[in-house]
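Asker: Next comes the structure file upload_25.txt, holding compact mmCIF, C-alpha atoms.
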```txt
# COMPACT_ATOMS: atom_id res chain seq x y z
CA VAL A 232 30.26 -17.25 5.30
CA ASP A 233 27.41 -18.25 7.53
CA GLY A 234 27.29 -19.79 10.98
CA VAL A 235 25.45 -22.73 12.45
CA GLY A 236 21.85 -21.53 12.63
CA ALA A 237 19.93 -21.85 15.87
CA GLN A 238 16.18 -22.11 15.72
CA GLU A 239 14.62 -18.87 16.94
CA SER A 240 12.28 -18.69 19.90
CA GLY A 241 10.17 -15.82 21.11
CA ASP A 242 10.99 -13.83 17.97
CA SER A 243 10.48 -10.12 18.47
CA SER A 244 10.69 -7.66 15.60
CA THR A 245 10.60 -3.91 15.98
CA PRO A 246 10.65 -1.33 13.19
CA SER A 247 13.22 1.42 13.75
CA PRO A 248 13.42 5.01 12.54
CA SER A 249 14.41 5.51 8.94
CA THR A 250 17.72 7.24 9.65
CA PRO A 251 20.66 5.40 8.03
CA SER A 252 23.52 4.33 10.26
CA PRO A 253 26.31 6.92 10.39
CA THR A 254 28.74 4.12 9.56
CA THR A 255 27.01 3.47 6.22
CA SER A 256 29.03 4.72 3.29
CA ARG A 257 28.23 4.36 -0.38
CA ASP A 258 31.78 5.10 -1.43
CA SER A 259 34.02 2.98 0.80
CA GLN A 260 36.05 0.35 -1.01
CA GLU A 261 36.54 -3.28 -0.08
CA PRO A 262 39.99 -4.84 0.34
CA ASP A 263 41.24 -7.01 -2.50
CA THR A 264 41.41 -10.24 -0.51
CA PRO A 265 38.87 -11.97 1.74
CA THR A 266 39.11 -11.88 5.49
CA GLN A 267 40.17 -15.06 7.29
CA PRO A 268 37.01 -16.83 8.57
CA ASN A 269 36.74 -16.96 12.37
CA GLN A 270 36.42 -20.12 14.47
CA PRO A 271 32.58 -20.20 14.61
CA VAL A 272 32.58 -20.11 10.82
CA GLN A 273 35.11 -22.94 10.58
CA ASN A 274 33.02 -25.02 13.01
CA ALA A 275 29.88 -24.29 11.03
CA ARG A 276 31.54 -25.34 7.79
CA SER A 277 32.49 -28.71 9.29
CA GLY A 278 28.91 -29.16 10.46
CA ALA A 279 27.57 -28.37 7.00
CA LEU A 280 29.80 -30.94 5.30
CA GLU A 281 28.88 -33.59 7.87
CA ALA A 282 25.17 -32.89 7.45
CA LEU A 283 25.41 -33.23 3.66
CA ALA A 284 27.33 -36.51 3.93
CA THR A 285 24.67 -37.84 6.31
CA LEU A 286 21.90 -36.83 3.91
CA LYS A 287 23.57 -38.52 0.94
CA ALA A 288 24.18 -41.70 2.94
CA ALA A 289 20.57 -41.81 4.12
CA ARG A 290 19.16 -41.42 0.61
CA GLY A 291 21.42 -44.16 -0.73
CA ALA A 292 20.55 -45.14 -4.30
CA ASN A 293 17.75 -42.55 -4.34
CA TRP A 294 20.38 -39.81 -4.31
CA VAL A 295 20.92 -40.05 -8.06
CA GLN A 296 17.31 -40.71 -9.01
CA ASP A 297 14.53 -38.30 -9.81
CA PRO A 298 13.68 -35.68 -8.76
CA ILE A 299 17.29 -34.58 -9.28
CA LEU A 300 17.51 -31.83 -11.89
CA THR A 301 20.48 -30.49 -13.78
CA TYR A 302 21.00 -27.43 -15.97
CA LYS A 303 22.13 -26.09 -19.31
CA ALA A 304 24.32 -22.98 -19.26
CA ILE A 305 22.79 -20.19 -21.37
CA GLN A 306 25.42 -17.53 -20.87
CA GLU A 307 28.33 -16.67 -18.60
CA LEU A 308 28.40 -13.11 -17.31
CA PRO A 309 31.14 -11.22 -15.43
CA HIS A 310 30.94 -10.96 -11.64
CA ASP A 311 33.10 -9.19 -9.07
CA SER A 312 35.39 -11.94 -7.79
CA ASN A 313 35.87 -9.99 -4.54
CA ALA A 314 32.13 -10.11 -3.81
CA PHE A 315 31.32 -12.54 -1.01
CA THR A 316 27.82 -13.09 -2.38
CA GLN A 317 25.10 -13.77 0.19
CA GLY A 318 22.02 -12.72 -1.76
CA LEU A 319 21.17 -12.14 -5.42
CA GLU A 320 17.94 -10.69 -6.79
CA TYR A 321 16.67 -9.59 -10.20
CA TYR A 322 14.99 -6.18 -10.15
CA GLU A 323 14.01 -4.02 -13.14
CA GLY A 324 16.78 -5.20 -15.44
CA LYS A 325 19.54 -5.17 -12.82
CA PHE A 326 20.84 -7.37 -10.03
CA ILE A 327 20.50 -6.41 -6.39
CA GLU A 328 23.33 -8.18 -4.56
CA SER A 329 24.14 -8.49 -0.86
CA THR A 330 27.70 -9.30 0.17
CA GLY A 331 29.18 -10.46 3.46
CA ILE A 332 32.32 -10.46 5.63
CA ILE A 333 32.91 -7.96 8.43
CA LEU A 334 34.17 -4.60 7.09
CA ARG A 335 33.27 -5.69 3.54
CA SER A 336 29.51 -6.22 3.72
CA SER A 337 27.47 -4.22 1.25
CA LEU A 338 24.32 -3.86 -0.80
CA ARG A 339 24.89 -3.36 -4.51
CA GLU A 340 23.01 -2.52 -7.67
CA VAL A 341 24.79 -4.32 -10.50
CA GLU A 342 24.51 -4.15 -14.28
CA ILE A 343 23.70 -7.67 -15.41
CA LEU A 344 25.61 -7.90 -18.70
CA THR A 345 28.82 -6.20 -17.54
CA GLY A 346 28.96 -6.84 -13.78
CA VAL A 347 29.58 -3.13 -13.24
CA ILE A 348 28.57 -1.92 -9.76
CA LEU A 349 26.18 0.95 -10.39
CA GLN A 350 25.50 1.82 -6.74
CA LYS A 351 26.79 0.47 -3.46
CA ILE A 352 25.96 0.93 0.21
CA SER A 353 28.51 -0.41 2.70
CA LEU A 354 27.22 -1.73 6.02
CA GLY A 355 28.61 -0.64 9.36
CA PRO A 356 31.69 -2.46 10.69
CA GLU A 357 29.67 -4.57 13.13
CA HIS A 358 27.48 -6.13 10.44
CA PHE A 359 28.00 -9.27 8.36
CA GLY A 360 25.65 -8.99 5.39
CA GLU A 361 23.48 -11.94 4.40
CA GLY A 362 20.53 -12.46 2.04
CA CYS A 363 18.40 -9.83 0.30
CA THR A 364 15.09 -9.64 -1.52
CA VAL A 365 12.98 -6.97 -3.24
CA PHE A 366 9.27 -6.80 -2.39
CA ASN A 367 6.72 -4.06 -3.05
CA GLY A 368 9.36 -1.48 -3.90
CA LYS A 369 11.51 -2.22 -0.85
CA ILE A 370 14.81 -4.05 -0.52
CA TYR A 371 15.19 -6.18 2.60
CA GLN A 372 18.76 -7.10 3.59
CA ILE A 373 19.41 -9.29 6.62
CA THR A 374 22.55 -9.77 8.70
CA TRP A 375 24.16 -12.86 10.18
CA ARG A 376 24.45 -12.30 13.92
CA THR A 377 23.56 -8.65 14.55
CA ASN A 378 19.80 -9.34 14.35
CA THR A 379 19.18 -6.51 11.90
CA CYS A 380 17.19 -6.30 8.69
CA PHE A 381 17.93 -3.14 6.72
CA VAL A 382 15.11 -1.76 4.58
CA TYR A 383 15.80 0.38 1.51
CA ASP A 384 13.76 2.21 -1.11
CA ALA A 385 14.45 0.12 -4.20
CA GLN A 386 14.10 3.02 -6.66
CA ALA A 387 16.11 5.60 -4.74
CA PHE A 388 18.56 3.00 -3.38
CA VAL A 389 18.63 4.62 0.07
CA GLN A 390 18.03 3.12 3.49
CA THR A 391 14.62 3.95 4.96
CA GLY A 392 14.49 1.84 8.14
CA THR A 393 15.42 -1.32 10.00
CA PHE A 394 13.79 -4.26 11.74
CA THR A 395 15.24 -6.41 14.50
CA TYR A 396 14.79 -10.15 14.98
CA SER A 397 16.13 -12.93 17.17
CA GLY A 398 18.45 -15.67 15.97
CA GLU A 399 20.70 -15.66 12.93
CA GLY A 400 19.91 -14.43 9.43
CA TRP A 401 21.00 -16.41 6.37
CA GLY A 402 18.67 -16.15 3.37
CA ILE A 403 15.51 -14.22 2.49
CA THR A 404 12.97 -14.20 -0.35
CA HIS A 405 9.22 -13.66 -0.66
CA ASP A 406 6.01 -15.04 -2.12
CA ALA A 407 2.98 -12.92 -3.06
CA THR A 408 2.32 -11.71 0.48
CA ARG A 409 5.09 -12.78 2.89
CA LEU A 410 8.81 -12.57 3.41
CA ILE A 411 10.49 -15.98 3.71
CA MET A 412 13.67 -16.32 5.79
CA SER A 413 16.21 -19.00 6.70
CA ASP A 414 18.57 -19.09 9.68
CA GLY A 415 20.94 -21.94 8.75
CA SER A 416 18.87 -24.59 10.49
CA SER A 417 16.09 -26.67 8.88
CA THR A 418 13.54 -23.98 9.81
CA ILE A 419 12.12 -21.49 7.33
CA LYS A 420 10.02 -18.67 8.72
CA PHE A 421 7.35 -16.58 7.05
CA ARG A 422 7.31 -12.91 8.06
CA ASP A 423 5.04 -9.92 7.67
CA PRO A 424 6.78 -7.44 5.32
CA ASP A 425 5.37 -4.46 7.23
CA THR A 426 6.29 -5.55 10.76
CA PHE A 427 8.77 -8.42 10.27
CA GLN A 428 6.73 -10.43 12.77
CA VAL A 429 6.77 -14.21 12.31
CA LEU A 430 3.54 -15.46 10.70
CA GLY A 431 4.43 -19.15 10.61
CA GLN A 432 7.22 -21.59 9.90
CA ILE A 433 8.03 -24.94 8.31
CA ALA A 434 10.66 -27.58 9.03
CA VAL A 435 12.37 -28.59 5.79
CA THR A 436 12.50 -32.38 5.45
CA ASP A 437 13.69 -34.81 2.79
CA PRO A 438 10.70 -37.19 2.51
CA LEU A 439 12.87 -40.01 1.14
CA THR A 440 14.88 -40.11 4.35
CA GLY A 441 12.59 -38.47 6.87
CA GLN A 442 15.54 -36.29 7.90
CA GLU A 443 15.46 -32.55 8.27
CA VAL A 444 17.64 -30.66 5.78
CA THR A 445 19.83 -28.07 7.49
CA GLN A 446 22.32 -25.41 6.38
CA LEU A 447 19.62 -23.71 4.28
CA ASN A 448 21.27 -20.58 2.96
CA GLU A 449 20.36 -18.13 0.16
CA LEU A 450 16.70 -18.37 -0.89
CA GLU A 451 14.70 -17.64 -4.03
CA TYR A 452 11.00 -18.16 -4.75
CA VAL A 453 10.75 -19.96 -8.10
CA ASP A 454 7.44 -20.97 -9.67
CA GLY A 455 5.69 -21.64 -6.38
CA GLU A 456 8.67 -23.34 -4.70
CA ILE A 457 11.30 -22.09 -2.26
CA TRP A 458 14.74 -22.76 -3.72
CA SER A 459 17.60 -22.84 -1.24
CA ASN A 460 21.34 -23.13 -1.55
CA ILE A 461 22.64 -25.73 0.90
CA TRP A 462 25.77 -24.26 2.41
CA HIS A 463 29.02 -25.94 1.33
CA SER A 464 27.31 -28.07 -1.28
CA ASP A 465 26.63 -27.78 -5.01
CA LEU A 466 22.95 -28.56 -4.49
CA ILE A 467 19.92 -26.31 -4.53
CA ALA A 468 16.96 -27.75 -2.61
CA ARG A 469 13.46 -27.24 -4.05
CA ILE A 470 11.05 -26.92 -1.14
CA ASP A 471 7.25 -27.08 -0.98
CA PRO A 472 6.32 -23.97 1.05
CA SER A 473 3.11 -25.53 2.35
CA THR A 474 4.67 -28.69 3.82
CA GLY A 475 8.43 -28.10 4.05
CA ASN A 476 9.06 -31.25 2.01
CA VAL A 477 11.99 -31.21 -0.40
CA VAL A 478 10.45 -32.03 -3.78
CA GLY A 479 13.82 -32.29 -5.51
CA TYR A 480 17.35 -30.97 -5.88
CA LEU A 481 19.13 -29.05 -8.60
CA ASP A 482 22.65 -30.42 -9.05
CA MET A 483 25.06 -27.59 -9.90
CA SER A 484 28.28 -29.52 -9.32
CA ASP A 485 29.71 -28.99 -12.82
CA ILE A 486 29.38 -25.21 -12.85
CA HIS A 487 31.79 -24.44 -10.03
CA PRO A 488 34.84 -22.45 -11.19
CA ALA A 489 38.38 -23.42 -10.27
CA ARG A 490 38.93 -23.08 -6.53
CA SER A 491 40.85 -20.01 -5.47
CA SER A 492 43.46 -20.34 -2.73
CA SER A 493 42.49 -16.86 -1.57
CA GLY A 494 38.91 -18.11 -1.07
CA LEU A 495 39.98 -20.15 1.98
CA GLY A 496 37.51 -22.87 1.02
CA GLU A 497 34.55 -20.48 1.24
CA ASP A 498 34.09 -19.81 -2.50
CA VAL A 499 30.96 -21.93 -2.63
CA LEU A 500 27.75 -21.88 -4.66
CA ASN A 501 25.51 -19.15 -3.22
CA GLY A 502 23.16 -16.81 -5.05
CA ILE A 503 19.97 -17.47 -7.02
CA ALA A 504 18.03 -14.85 -8.99
CA TYR A 505 14.77 -15.48 -10.85
CA TYR A 506 12.85 -13.25 -13.29
CA GLN A 507 9.38 -14.73 -13.35
CA ALA A 508 8.01 -12.71 -16.29
CA GLU A 509 10.54 -14.28 -18.67
CA ASP A 510 11.25 -17.46 -16.68
CA ARG A 511 14.97 -16.64 -16.47
CA LEU A 512 17.29 -17.97 -13.77
CA TRP A 513 20.81 -17.00 -12.72
CA VAL A 514 23.23 -18.51 -10.20
CA THR A 515 26.59 -17.48 -8.78
CA GLY A 516 28.81 -18.09 -5.76
CA LYS A 517 30.94 -16.39 -3.15
CA LEU A 518 34.05 -14.87 -4.75
CA TRP A 519 33.08 -16.30 -8.14
CA PRO A 520 34.23 -14.46 -11.28
CA SER A 521 30.99 -15.30 -13.10
CA VAL A 522 27.23 -15.26 -12.90
CA TRP A 523 25.59 -17.96 -14.99
CA GLU A 524 22.20 -17.76 -16.65
CA ILE A 525 20.90 -21.32 -16.75
CA GLU A 526 18.02 -23.42 -17.98
CA VAL A 527 16.84 -26.23 -15.69
CA MET A 528 16.20 -29.70 -17.07
CA PRO A 529 15.78 -33.29 -15.81
CA LYS A 530 18.97 -35.18 -15.01
CA LEU A 531 19.24 -38.27 -17.22
```
Is it possible to express this structure as structure tokens?

Answerer:
Amino acid sequence: VDGVGAQESGDSSTPSPSTPSPTTSRDSQEPDTPTQPNQPVQNARSGALEALATLKAARGANWVQDPILTYKAIQELPHDSNAFTQGLEYYEGKFIESTGIILRSSLREVEILTGVILQKISLGPEHFGEGCTVFNGKIYQITWRTNTCFVYDAQAFVQTGTFTYSGEGWGITHDATRLIMSDGSSTIKFRDPDTFQVLGQIAVTDPLTGQEVTQLNELEYVDGEIWSNIWHSDLIARIDPSTGNVVGYLDMSDIHPARSSSGLGEDVLNGIAYYQAEDRLWVTGKLWPSVWEIEVMPKL
């Protein structure tokens, strides 16, 4: 679950000592059922659905024209259906996954073919986990409203430090030199991986409508583009990182599993992992029982 993102101002990021929080436990277990979303989350969900409806109406007939892409499912893989997925990353033959919900947020190392959780670090009770990315041997995991980015050694799978930032955290990825972060608004910020300072930002806009695209959630850098889940939709926006223009959408509407009553309407598409060396792509969702490896293709 994510909240309505407010655009940051006067962003200040400070590296902290590398001592893990005493509330971090690698062995604590999550409850079997999701926690009831709070009122800010419910309000944010309504805003997301309204924003998507507005975008579709503005595009009109162009909504179903190119550059809309679709997919072919390559294989279905098992996934922990209790995982409230907020970030998914491919790293050295495994998935790194960040999960959310207060008292259930965690960072996980997951075996791809079996879905088995190989290692897990639970966040402190005040944190709601959001996106994650792996860059230069470090895992960066952001949080929703506690303004904290946890940094881990990717090989040892131990926390080594933190950064702080203003505003909300939703999704994070990276290009060759910078971290790339969303906050639920139409703004994407580029950050220094060593200091977490903001280096620049773009406003994401649909050029066919001239409207900004909001509710940008989990991010992945795919073949020179920023790919973003749009919260509470089955669309992935493909964004030009130099201009902020949406160059197309990937329509994932047919892949959604049967809705779960225990998901409270929050079991939505969220999670993109890309392995550039082999051009492989995976997607999943919050509380989904599966991760799908897919191949992208034009929508006819």

Asker: Considering only C-alpha atoms, can you say which of A:Leu495, A:Val429, A:Ala434, A:Leu500 comes closest to His463 (chain A)?

Answerer: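 Comparing A:Leu495, A:Val429, A:Ala434, A:Leu500 against His463 (chain A), the winner is A:Leu500.
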
Asker: Measure the distance from CA of Ser353 (chain A) to CA of Thr404 (chain A) in Å and round it to one decimal.

Answerer: 21.0 Å

Asker: Listing only residues of region 280-376 of chain A within 8 Å of region 448-462 of chain A, what is the closest atom pair and its distance in Å (to one decimal) for each, using all atoms listed in the file, sorted by chain and residue number ascending, as JSON lines?

Answerer:
```
{"residue": "A:Gln317", "atom": "CA", "partner": "A:Glu449", "partner_atom": "CA", "distance": 6.4}
{"residue": "A:Gly318", "atom": "CA", "partner": "A:Glu449", "partner_atom": "CA", "distance": 6.0}
{"residue": "A:Gly362", "atom": "CA", "partner": "A:Glu449", "partner_atom": "CA", "distance": 6.0}
```

Asker: Hey, which of A:Ala508, A:Ile299, A:Val382, A:Val514 ends up closest to Leu481 (chain A)? Count only C-alpha atoms.

Answerer: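 Among the listed residues, A:Ile299 lies closest to Leu481 (chain A).
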
Asker: Can you measure CA of Ile470 (chain A) to CA of Pro438 (chain A) for me? One decimal in Å is fine.

Answerer: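 That distance, rounded to one decimal, is 10.9 Å.
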
Asker: In terms of the shortest atom-to-atom distance over all atoms listed in the file, which of A:Glu307, A:Glu320, A:Asp471, A:Asp465 is closest to Gly402 (chain A)?

Answerer: A:Glu320

Asker: Could you please determine the separation between CA of Glu342 (chain A) and CA of Asp406 (chain A) in Å, to one decimal place?

Answerer: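 Interatomic distance, CA of Glu342 (chain A) to CA of Asp406 (chain A): 24.7 Å.
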
Asker: Just the residues within 6 Å of Thr379 (chain A), please, counting only C-alpha atoms, with nothing from its chain fewer than 4 positions along; format it as a PDB file with C-alpha atoms, keeping the file's coordinate frame.

Answerer:
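Listed below is the output, selection-v1.pdb:
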```pdb
ATOM      1  CA  ILE A 373      19.410  -9.290   6.620  1.00  0.00           C
ATOM      2  CA  THR A 374      22.550  -9.770   8.700  1.00  0.00           C
ATOM      3  CA  PHE A 394      13.790  -4.260  11.740  1.00  0.00           C
ATOM      4  CA  THR A 395      15.240  -6.410  14.500  1.00  0.00           C
TER       5      THR A 395
END
```

Asker: Please, which residues are within 8 Å of (30.2, -23.0, -12.5) by the file's coordinates, counting only C-alpha atoms, and could they come as JSON, numbers by chain?

Answerer: {"A": [483, 484, 485, 486, 487, 488, 515, 521, 523]}

Asker: Using all atoms listed in the file, determine which residues lie at most 8 Å from Ile411 (chain A), disregarding the query and same-chain residues fewer than 6 positions distant; provide the list as a list of chain:residue names.

Answerer: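 Listing them by chain and then by number gives A:Ile403, A:Thr404, A:His405, A:Ile419, A:Lys420, A:Phe421, A:Arg422.
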
Asker: Mind giving me the axis-aligned box for region 434-439 of chain A with 6 Å on every side, centre plus edges in Å to one decimal, as AutoDock Vina command-line options?

Answerer:
```
--center_x 12.2 --center_y -33.8 --center_z 5.1 --size_x 15.0 --size_y 24.4 --size_z 19.9
```

Asker: Between A:Thr330, A:Pro520, A:Leu354, A:Pro529, which has the minimum distance to Pro309 (chain A) (counting all atoms listed in the file)?

Answerer: A:Pro520

Asker: Write out as a count of residues only the residues lying within 10 Å of Ile305 (chain A), counting only C-alpha atoms and excluding same-chain residues fewer than 6 positions away.

Answerer: 7

Asker: Between A:Thr377, A:Thr301, A:Ser329, A:Asn476, which has the minimum distance to Gly516 (chain A) (counting all atoms listed in the file)?

Answerer: A:Ser329

Asker: Would you give me, as a Markdown table, each residue of region 362-393 of chain A having an atom within 12 Å of an atom of region 321-325 of chain A, along with its shortest atom pair and that distance in Å to one decimal, using all atoms listed in the file and sorting by chain and residue number?

Answerer:
```
| residue | atom | partner | partner_atom | distance |
| --- | --- | --- | --- | --- |
| A:Cys363 | CA | A:Tyr321 | CA | 10.6 |
| A:Thr364 | CA | A:Tyr321 | CA | 8.8 |
| A:Val365 | CA | A:Tyr322 | CA | 7.2 |
| A:Phe366 | CA | A:Tyr322 | CA | 9.7 |
| A:Asn367 | CA | A:Tyr322 | CA | 11.1 |
| A:Gly368 | CA | A:Tyr322 | CA | 9.6 |
| A:Lys369 | CA | A:Tyr322 | CA | 10.7 |
| A:Ile370 | CA | A:Tyr322 | CA | 9.9 |
| A:Ala385 | CA | A:Tyr322 | CA | 8.7 |
| A:Gln386 | CA | A:Glu323 | CA | 9.6 |
| A:Phe388 | CA | A:Tyr322 | CA | 12.0 |
```
